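Undergrad: For reference, the file query-v4.cif (mmCIF, C-alpha atoms) is included below:
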data_target
#
loop_
_atom_site.group_PDB
_atom_site.id
_atom_site.type_symbol
_atom_site.label_atom_id
_atom_site.label_comp_id
_atom_site.auth_asym_id
_atom_site.auth_seq_id
_atom_site.Cartn_x
_atom_site.Cartn_y
_atom_site.Cartn_z
ATOM 1 C CA MET H 1 73.560 69.156 14.139
ATOM 2 C CA ASN H 2 75.529 68.754 17.302
ATOM 3 C CA LYS H 3 79.124 69.838 17.772
ATOM 4 C CA ASN H 4 80.570 66.303 17.681
ATOM 5 C CA THR H 5 78.998 65.615 14.249
ATOM 6 C CA LYS H 6 80.344 68.898 12.880
ATOM 7 C CA LYS H 7 83.858 67.958 14.060
ATOM 8 C CA ILE H 8 83.607 64.572 12.338
ATOM 9 C CA ILE H 9 82.421 66.197 9.067
ATOM 10 C CA ALA H 10 85.204 68.832 9.253
ATOM 11 C CA LYS H 11 87.801 66.122 9.912
ATOM 12 C CA GLU H 12 86.585 64.021 6.946
ATOM 13 C CA PHE H 13 86.574 67.096 4.707
ATOM 14 C CA LEU H 14 90.188 67.887 5.645
ATOM 15 C CA PHE H 15 91.195 64.273 4.925
ATOM 16 C CA LEU H 16 89.463 64.501 1.531
ATOM 17 C CA LEU H 17 91.110 67.842 0.752
ATOM 18 C CA GLY H 18 94.538 66.566 1.836
ATOM 19 C CA THR H 19 94.136 63.412 -0.251
ATOM 20 C CA THR H 20 93.107 65.452 -3.286
ATOM 21 C CA ILE H 21 96.080 67.799 -2.921
ATOM 22 C CA LEU H 22 98.441 64.842 -2.445
ATOM 23 C CA PHE H 23 96.935 63.191 -5.549
ATOM 24 C CA PHE H 24 97.688 66.234 -7.708
ATOM 25 C CA VAL H 25 101.188 66.704 -6.260
ATOM 26 C CA VAL H 26 102.083 63.050 -6.913
ATOM 27 C CA LEU H 27 100.503 63.187 -10.385
ATOM 28 C CA PHE H 28 102.438 66.351 -11.250
ATOM 29 C CA ALA H 29 105.740 64.868 -10.019
ATOM 30 C CA TRP H 30 105.072 61.594 -11.849
ATOM 31 C CA THR H 31 104.279 63.430 -15.090
ATOM 32 C CA MET H 32 107.382 65.602 -14.795
ATOM 33 C CA LEU H 33 109.637 62.596 -14.125
ATOM 34 C CA SER H 34 108.056 60.694 -17.015
ATOM 35 C CA ASP H 35 108.585 63.628 -19.378
ATOM 36 C CA SER H 36 112.153 64.059 -18.162
ATOM 37 C CA ASN H 37 112.838 60.358 -18.760
ATOM 38 C CA SER H 38 111.335 60.598 -22.246
ATOM 39 C CA ASP H 39 113.478 63.645 -23.043
ATOM 40 C CA ARG H 40 116.612 61.872 -21.800
ATOM 41 C CA LYS H 41 115.777 58.826 -23.918
ATOM 42 C CA TYR H 42 115.465 61.065 -26.993
ATOM 43 C CA GLU H 43 118.772 62.816 -26.204
ATOM 44 C CA ILE H 44 120.602 59.496 -25.850
ATOM 45 C CA LYS H 45 119.159 58.248 -29.154
ATOM 46 C CA GLN H 46 120.335 61.451 -30.825
ATOM 47 C CA GLU H 47 123.836 61.075 -29.343
ATOM 48 C CA ILE H 48 124.020 57.461 -30.558
ATOM 49 C CA THR H 49 122.844 58.519 -34.018
ATOM 50 C CA GLU H 50 125.471 61.271 -34.155
ATOM 51 C CA LEU H 51 128.220 58.910 -33.006
ATOM 52 C CA THR H 52 127.284 56.205 -35.513
ATOM 53 C CA GLN H 53 127.168 58.400 -38.603
ATOM 54 C CA ALA H 54 129.407 56.677 -41.131
ATOM 55 C CA ASN H 55 131.539 59.693 -42.049
ATOM 56 C CA GLU H 56 132.336 60.439 -38.369
ATOM 57 C CA LEU H 57 133.380 56.927 -37.315
ATOM 58 C CA PRO H 58 136.951 55.639 -37.079
ATOM 59 C CA TYR H 59 137.795 53.308 -39.953
ATOM 60 C CA ARG H 60 137.433 49.830 -38.364
ATOM 61 C CA LEU H 61 134.154 50.771 -36.741
ATOM 62 C CA ARG H 62 132.980 52.314 -40.006
ATOM 63 C CA VAL H 63 133.762 49.004 -41.755
ATOM 64 C CA PHE H 64 131.798 47.116 -39.084
ATOM 65 C CA TYR H 65 128.704 49.311 -39.494
ATOM 66 C CA PHE H 66 129.025 49.266 -43.288
ATOM 67 C CA VAL H 67 129.169 45.467 -43.401
ATOM 68 C CA ASN H 68 126.309 45.094 -40.928
ATOM 69 C CA LYS H 69 123.952 47.727 -42.326
ATOM 70 C CA ASP H 70 124.671 47.727 -46.051
ATOM 71 C CA ILE H 71 125.876 44.247 -46.921
ATOM 72 C CA LEU H 72 124.559 41.771 -44.339
ATOM 73 C CA ASN H 73 121.275 43.586 -43.822
ATOM 74 C CA ASN H 74 120.456 43.090 -47.512
ATOM 75 C CA SER H 75 121.444 39.427 -47.660
ATOM 76 C CA SER H 76 120.498 36.124 -46.103
ATOM 77 C CA TRP H 77 123.570 36.226 -43.819
ATOM 78 C CA ASN H 78 123.137 36.937 -40.123
ATOM 79 C CA LYS H 79 124.250 40.310 -38.823
ATOM 80 C CA MET H 80 127.406 40.449 -36.724
ATOM 81 C CA GLU H 81 126.702 41.121 -33.055
ATOM 82 C CA ASP H 82 130.080 41.485 -31.353
ATOM 83 C CA SER H 83 131.530 44.741 -32.646
ATOM 84 C CA GLU H 84 134.266 44.787 -29.984
ATOM 85 C CA LYS H 85 135.627 41.397 -31.097
ATOM 86 C CA PHE H 86 135.313 42.389 -34.758
ATOM 87 C CA ILE H 87 137.360 45.586 -34.485
ATOM 88 C CA SER H 88 139.908 43.873 -32.240
ATOM 89 C CA ASP H 89 140.344 40.939 -34.650
ATOM 90 C CA LEU H 90 140.507 43.309 -37.578
ATOM 91 C CA LYS H 91 143.435 45.125 -35.973
ATOM 92 C CA THR H 92 145.407 42.010 -34.974
ATOM 93 C CA ASP H 93 144.786 39.487 -37.751
ATOM 94 C CA PRO H 94 145.894 40.397 -41.319
ATOM 95 C CA GLU H 95 144.142 37.322 -42.748
ATOM 96 C CA ILE H 96 140.798 38.598 -41.521
ATOM 97 C CA VAL H 97 141.519 41.969 -43.139
ATOM 98 C CA SER H 98 142.266 40.291 -46.481
ATOM 99 C CA SER H 99 139.199 38.055 -46.351
ATOM 100 C CA LEU H 100 137.019 40.993 -45.285
ATOM 101 C CA TYR H 101 138.340 43.083 -48.157
ATOM 102 C CA SER H 102 137.510 40.252 -50.574
ATOM 103 C CA PHE H 103 134.046 39.847 -49.040
ATOM 104 C CA ILE H 104 133.293 43.564 -49.345
ATOM 105 C CA LYS H 105 134.677 43.679 -52.885
ATOM 106 C CA GLU H 106 132.370 40.808 -53.921
ATOM 107 C CA ASN H 107 129.262 42.267 -52.303
ATOM 108 C CA ASP H 108 129.755 45.991 -52.941
ATOM 109 C CA SER H 109 130.183 46.967 -56.547
ATOM 110 C CA GLY H 110 130.906 50.580 -55.587
ATOM 111 C CA MET H 111 134.099 49.819 -53.667
ATOM 112 C CA THR H 112 136.989 51.736 -55.229
ATOM 113 C CA ILE H 113 139.672 51.462 -52.553
ATOM 114 C CA LYS H 114 142.676 49.196 -53.188
ATOM 115 C CA GLU H 115 143.504 46.343 -50.803
ATOM 116 C CA GLU H 116 146.782 47.860 -49.575
ATOM 117 C CA GLU H 117 145.102 51.176 -48.853
ATOM 118 C CA PHE H 118 142.329 49.316 -47.004
ATOM 119 C CA LYS H 119 144.896 47.438 -44.883
ATOM 120 C CA GLU H 120 146.790 50.649 -44.160
ATOM 121 C CA LYS H 121 143.639 52.443 -42.949
ATOM 122 C CA VAL H 122 142.780 49.496 -40.713
ATOM 123 C CA ARG H 123 146.293 49.472 -39.223
ATOM 124 C CA ASN H 124 146.348 53.227 -38.634
ATOM 125 C CA ASP H 125 142.978 53.323 -36.866
ATOM 126 C CA LYS H 126 143.591 53.984 -33.172
ATOM 127 C CA GLU H 127 140.208 55.421 -32.139
ATOM 128 C CA SER H 128 137.724 52.599 -32.780
ATOM 129 C CA GLU H 129 137.934 51.151 -29.264
ATOM 130 C CA THR H 130 137.337 54.555 -27.645
ATOM 131 C CA TYR H 131 134.416 55.303 -29.936
ATOM 132 C CA LEU H 132 132.930 51.885 -29.339
ATOM 133 C CA THR H 133 133.184 52.380 -25.569
ATOM 134 C CA LYS H 134 131.236 55.653 -25.868
ATOM 135 C CA ILE H 135 128.563 54.040 -28.031
ATOM 136 C CA THR H 136 128.256 51.010 -25.734
ATOM 137 C CA SER H 137 127.912 53.132 -22.602
ATOM 138 C CA LEU H 138 125.222 55.239 -24.267
ATOM 139 C CA GLU H 139 123.349 52.099 -25.338
ATOM 140 C CA LYS H 140 123.461 50.797 -21.748
ATOM 141 C CA GLU H 141 122.180 54.124 -20.460
ATOM 142 C CA LEU H 142 119.380 53.995 -23.039
ATOM 143 C CA GLU H 143 118.388 50.527 -21.810
ATOM 144 C CA LYS H 144 118.286 51.830 -18.223
ATOM 145 C CA THR H 145 116.012 54.710 -19.171
ATOM 146 C CA LYS H 146 113.743 52.342 -21.119
ATOM 147 C CA ALA H 147 113.556 50.023 -18.084
ATOM 148 C CA SER H 148 112.760 52.880 -15.686
ATOM 149 C CA ILE H 149 109.331 52.938 -14.026
ATOM 150 C CA PHE H 150 108.957 56.437 -15.437
ATOM 151 C CA SER H 151 109.320 55.176 -18.996
ATOM 152 C CA GLY H 152 106.194 55.845 -21.008
ATOM 153 C CA SER H 153 103.501 58.384 -20.428
ATOM 154 C CA VAL H 154 101.013 58.643 -17.594
ATOM 155 C CA GLY H 155 97.746 57.268 -18.942
ATOM 156 C CA ASP H 156 94.184 57.094 -17.676
ATOM 157 C CA ASP H 157 94.700 53.678 -16.092
ATOM 158 C CA GLU H 158 97.699 54.895 -14.095
ATOM 159 C CA ILE H 159 95.818 58.012 -12.925
ATOM 160 C CA LEU H 160 92.863 55.881 -11.845
ATOM 161 C CA GLY H 161 95.198 53.456 -10.063
ATOM 162 C CA LEU H 162 96.921 56.315 -8.230
ATOM 163 C CA GLY H 163 93.572 57.776 -7.162
ATOM 164 C CA LEU H 164 92.285 54.426 -5.919
ATOM 165 C CA THR H 165 95.524 53.746 -4.039
ATOM 166 C CA LEU H 166 95.426 57.092 -2.239
ATOM 167 C CA PHE H 167 91.714 56.704 -1.494
ATOM 168 C CA SER H 168 92.332 53.212 -0.117
ATOM 169 C CA ILE H 169 95.197 54.355 2.078
ATOM 170 C CA PHE H 170 93.559 57.479 3.491
ATOM 171 C CA PHE H 171 89.969 56.295 3.820
ATOM 172 C CA LEU H 172 89.478 52.547 3.702
ATOM 173 C CA LEU H 173 92.604 51.693 5.691
ATOM 174 C CA ARG H 174 91.860 54.444 8.199
ATOM 175 C CA TYR H 175 88.341 53.135 8.801
ATOM 176 C CA LEU H 176 89.705 49.617 9.151
ATOM 177 C CA ILE H 177 92.054 50.895 11.869
ATOM 178 C CA TYR H 178 89.180 52.796 13.564
ATOM 179 C CA ALA H 179 87.008 49.676 13.458
ATOM 180 C CA THR H 180 89.804 47.548 14.933
ATOM 181 C CA LYS H 181 90.390 50.035 17.761
ATOM 182 C CA TRP H 182 86.662 50.169 18.490
ATOM 183 C CA SER H 183 86.401 46.347 18.500
ATOM 184 C CA VAL H 184 89.325 45.997 20.926
ATOM 185 C CA LYS H 185 87.818 48.704 23.146
ATOM 186 C CA GLU H 186 84.422 46.980 23.157
ATOM 187 C CA LEU H 187 85.953 43.583 23.969
ATOM 188 C CA LYS H 188 87.841 45.038 26.938
ATOM 189 C CA GLN H 189 84.643 46.472 28.466
#
Would you encode the structure as structure tokens?
TA:
Amino acid sequence: MNKNTKKIIAKEFLFLLGTTILFFVVLFAWTMLSDSNSDRKYEIKQEITELTQANELPYRLRVFYFVNKDILNNSSWNKMEDSEKFISDLKTDPEIVSSLYSFIKENDSGMTIKEEEFKEKVRNDKESETYLTKITSLEKELEKTKASIFSGSVGDDEILGLGLTLFSIFFLLRYLIYATKWSVKELKQ
């Protein structure tokens, strides 16, 4: 083997070694970012679960979740979507409070609270808006982490795609450039 052939083989080996090392570095970083995203998603879900526990919620928000989860979820009625409007209307409109009390009384046989006490608790609740803001911001953050490109695990198809992409960039594209340079050089001669 002549010296020029040995140089070409050594150069190709170094490109192969560099591509392999780059493949594993990118794969490791991708896996770590994917795991980190998954952990963050779990933490956010836990925070939302802790914030929405019925005994920890302010009263108007507790009523909203109770009506949605326990009453409307078990009936043919549609669930309420706009919690912000609900707790705001509940605070400002006494007619809604009375009709809501009647609705809950009809649909929940275990309700023992009197209407005046119910109205008083609704009036005295000052924290529902703050709590709802925390819950809403966490839900938005959860949606962002779910929409991230690092959401989900790194599977066999992704690993194969990464390997083929790196191989294409470092070998096929490089030879295409070499062939183009050679063609231009030959045409000039």
Undergrad: Nearest to Leu27 (chain H) among H:Leu57, H:Ala147, H:Leu166, H:Val122, with distances taken over all atoms listed in the file: which residue is it?
TA: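 Of all the options, H:Leu166 lies closest to Leu27 (chain H).
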Undergrad: Region 34-49 of chain H: which residues within 10 Å, counting only C-alpha atoms, same-chain residues fewer than 3 positions away excluded, as a PDB file with C-alpha atoms, in the frame of the given file?
TA:
ATOM      1  CA  PHE H  28     102.438  66.351 -11.250  1.00  0.00           C
ATOM      2  CA  ALA H  29     105.740  64.868 -10.019  1.00  0.00           C
ATOM      3  CA  TRP H  30     105.072  61.594 -11.849  1.00  0.00           C
ATOM      4  CA  THR H  31     104.279  63.430 -15.090  1.00  0.00           C
ATOM      5  CA  THR H  52     127.284  56.205 -35.513  1.00  0.00           C
ATOM      6  CA  GLN H  53     127.168  58.400 -38.603  1.00  0.00           C
ATOM      7  CA  ALA H  54     129.407  56.677 -41.131  1.00  0.00           C
ATOM      8  CA  LYS H 134     131.236  55.653 -25.868  1.00  0.00           C
ATOM      9  CA  ILE H 135     128.563  54.040 -28.031  1.00  0.00           C
ATOM     10  CA  THR H 136     128.256  51.010 -25.734  1.00  0.00           C
ATOM     11  CA  SER H 137     127.912  53.132 -22.602  1.00  0.00           C
ATOM     12  CA  LEU H 138     125.222  55.239 -24.267  1.00  0.00           C
ATOM     13  CA  GLU H 139     123.349  52.099 -25.338  1.00  0.00           C
ATOM     14  CA  GLU H 141     122.180  54.124 -20.460  1.00  0.00           C
ATOM     15  CA  LEU H 142     119.380  53.995 -23.039  1.00  0.00           C
ATOM     16  CA  GLU H 143     118.388  50.527 -21.810  1.00  0.00           C
ATOM     17  CA  LYS H 144     118.286  51.830 -18.223  1.00  0.00           C
ATOM     18  CA  THR H 145     116.012  54.710 -19.171  1.00  0.00           C
ATOM     19  CA  LYS H 146     113.743  52.342 -21.119  1.00  0.00           C
ATOM     20  CA  SER H 148     112.760  52.880 -15.686  1.00  0.00           C
ATOM     21  CA  ILE H 149     109.331  52.938 -14.026  1.00  0.00           C
ATOM     22  CA  PHE H 150     108.957  56.437 -15.437  1.00  0.00           C
ATOM     23  CA  SER H 151     109.320  55.176 -18.996  1.00  0.00           C
ATOM     24  CA  GLY H 152     106.194  55.845 -21.008  1.00  0.00           C
ATOM     25  CA  SER H 153     103.501  58.384 -20.428  1.00  0.00           C
ATOM     26  CA  VAL H 154     101.013  58.643 -17.594  1.00  0.00           C
TER      27      VAL H 154
END
Undergrad: Record the distance separating CA of Thr112 (chain H) and CA of Glu50 (chain H), expressed in Å with one decimal.
TA: 25.8 Å
Undergrad: What is the CA of Tyr178 (chain H) to CA of Leu22 (chain H) distance in Å?
TA: 22.1 Å
Undergrad: From the list H:Thr20, H:Ser183, H:Thr5, H:Lys114, which residue is nearest Thr165 (chain H) when using only C-alpha atoms?
TA: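 The answer is H:Thr20, which sits nearest to Thr165 (chain H).
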Undergrad: Do a neighbour search on Lys85 (chain H) at 12 Å with only C-alpha atoms, toss out local chain neighbours closer than 2 positions, and write the hits as JSON, numbers by chain.
TA: {"H": [60, 61, 64, 80, 81, 82, 83, 87, 88, 89, 90, 91, 92, 93, 96, 128, 129, 132]}
Undergrad: Distance CA of Ile177 (chain H)-CA of Thr19 (chain H), one decimal place?
TA: 17.5 Å
Undergrad: Quick one: 8 Å padding each side, axis-aligned, all listed atoms of region 30-37 of chain H - centre and edge lengths in Å to one decimal, as lines of an AutoDock Vina configuration file?
TA:
center_x = 108.6
center_y = 63.0
center_z = -15.6
size_x = 24.6
size_y = 21.2
size_z = 23.5
Undergrad: Export region 93-119 of chain H of the preceding structure, keeping N, CA, C and O atoms, as a tab-separated table (two decimals), in the first residue's frame.
TA:
chain	number	residue	atom	x	y	z
H	93	ASP	N	-72.27	38.06	42.36
H	93	ASP	CA	-73.71	37.94	42.10
H	93	ASP	C	-74.38	37.03	43.14
H	93	ASP	O	-74.24	35.80	43.09
H	94	PRO	N	-75.15	37.60	44.08
H	94	PRO	CA	-75.80	36.79	45.12
H	94	PRO	C	-76.86	35.83	44.57
H	94	PRO	O	-77.11	34.78	45.16
H	95	GLU	N	-77.45	36.17	43.43
H	95	GLU	CA	-78.44	35.26	42.83
H	95	GLU	C	-77.79	33.96	42.37
H	95	GLU	O	-78.38	32.88	42.51
H	96	ILE	N	-76.61	34.08	41.83
H	96	ILE	CA	-75.89	32.87	41.39
H	96	ILE	C	-75.56	32.01	42.60
H	96	ILE	O	-75.66	30.79	42.55
H	97	VAL	N	-75.17	32.64	43.70
H	97	VAL	CA	-74.85	31.89	44.92
H	97	VAL	C	-76.08	31.13	45.40
H	97	VAL	O	-75.99	29.94	45.74
H	98	SER	N	-77.23	31.78	45.41
H	98	SER	CA	-78.47	31.12	45.85
H	98	SER	C	-78.85	29.97	44.93
H	98	SER	O	-79.20	28.88	45.40
H	99	SER	N	-78.79	30.22	43.61
H	99	SER	CA	-79.15	29.14	42.68
H	99	SER	C	-78.13	28.00	42.73
H	99	SER	O	-78.50	26.83	42.61
H	100	LEU	N	-76.86	28.32	42.94
H	100	LEU	CA	-75.85	27.27	43.06
H	100	LEU	C	-76.09	26.45	44.33
H	100	LEU	O	-75.98	25.21	44.30
H	101	TYR	N	-76.41	27.12	45.41
H	101	TYR	CA	-76.70	26.40	46.65
H	101	TYR	C	-77.87	25.43	46.43
H	101	TYR	O	-77.80	24.27	46.83
H	102	SER	N	-78.92	25.91	45.78
H	102	SER	CA	-80.09	25.07	45.50
H	102	SER	C	-79.70	23.89	44.62
H	102	SER	O	-80.13	22.75	44.85
H	103	PHE	N	-78.89	24.16	43.59
H	103	PHE	CA	-78.45	23.10	42.68
H	103	PHE	C	-77.65	22.03	43.42
H	103	PHE	O	-77.87	20.84	43.24
H	104	ILE	N	-76.72	22.47	44.28
H	104	ILE	CA	-75.91	21.52	45.03
H	104	ILE	C	-76.78	20.74	46.01
H	104	ILE	O	-76.63	19.53	46.16
H	105	LYS	N	-77.69	21.42	46.65
H	105	LYS	CA	-78.59	20.78	47.63
H	105	LYS	C	-79.42	19.68	46.95
H	105	LYS	O	-79.61	18.60	47.51
H	106	GLU	N	-79.90	19.94	45.73
H	106	GLU	CA	-80.69	18.96	44.99
H	106	GLU	C	-79.87	17.76	44.57
H	106	GLU	O	-80.36	16.63	44.56
H	107	ASN	N	-78.62	17.98	44.18
H	107	ASN	CA	-77.80	16.93	43.60
H	107	ASN	C	-76.85	16.24	44.58
H	107	ASN	O	-76.24	15.24	44.24
H	108	ASP	N	-76.69	16.80	45.78
H	108	ASP	CA	-75.80	16.19	46.76
H	108	ASP	C	-76.56	15.99	48.06
H	108	ASP	O	-76.82	16.94	48.80
H	109	SER	N	-76.89	14.74	48.31
H	109	SER	CA	-77.69	14.45	49.50
H	109	SER	C	-76.88	14.60	50.79
H	109	SER	O	-77.45	14.70	51.87
H	110	GLY	N	-75.57	14.66	50.69
H	110	GLY	CA	-74.74	14.76	51.88
H	110	GLY	C	-74.44	16.19	52.29
H	110	GLY	O	-73.66	16.42	53.22
H	111	MET	N	-75.05	17.17	51.66
H	111	MET	CA	-74.76	18.56	51.99
H	111	MET	C	-75.47	18.95	53.29
H	111	MET	O	-76.68	18.88	53.40
H	112	THR	N	-74.68	19.39	54.26
H	112	THR	CA	-75.24	19.71	55.58
H	112	THR	C	-75.16	21.20	55.91
H	112	THR	O	-75.73	21.64	56.90
H	113	ILE	N	-74.47	21.96	55.11
H	113	ILE	CA	-74.28	23.38	55.39
H	113	ILE	C	-75.57	24.16	55.07
H	113	ILE	O	-76.28	23.86	54.13
H	114	LYS	N	-75.84	25.16	55.86
H	114	LYS	CA	-77.03	26.02	55.66
H	114	LYS	C	-76.70	27.07	54.60
H	114	LYS	O	-75.55	27.40	54.37
H	115	GLU	N	-77.75	27.62	53.99
H	115	GLU	CA	-77.57	28.57	52.89
H	115	GLU	C	-76.85	29.83	53.34
H	115	GLU	O	-75.96	30.33	52.64
H	116	GLU	N	-77.18	30.36	54.49
H	116	GLU	CA	-76.52	31.58	54.97
H	116	GLU	C	-75.03	31.35	55.24
H	116	GLU	O	-74.19	32.20	54.96
H	117	GLU	N	-74.72	30.20	55.79
H	117	GLU	CA	-73.32	29.86	56.05
H	117	GLU	C	-72.57	29.70	54.72
H	117	GLU	O	-71.42	30.14	54.58
H	118	PHE	N	-73.22	29.10	53.74
H	118	PHE	CA	-72.64	28.94	52.41
H	118	PHE	C	-72.34	30.32	51.80
H	118	PHE	O	-71.24	30.57	51.31
H	119	LYS	N	-73.32	31.22	51.87
H	119	LYS	CA	-73.14	32.57	51.32
H	119	LYS	C	-72.02	33.31	52.05
H	119	LYS	O	-71.23	34.03	51.43
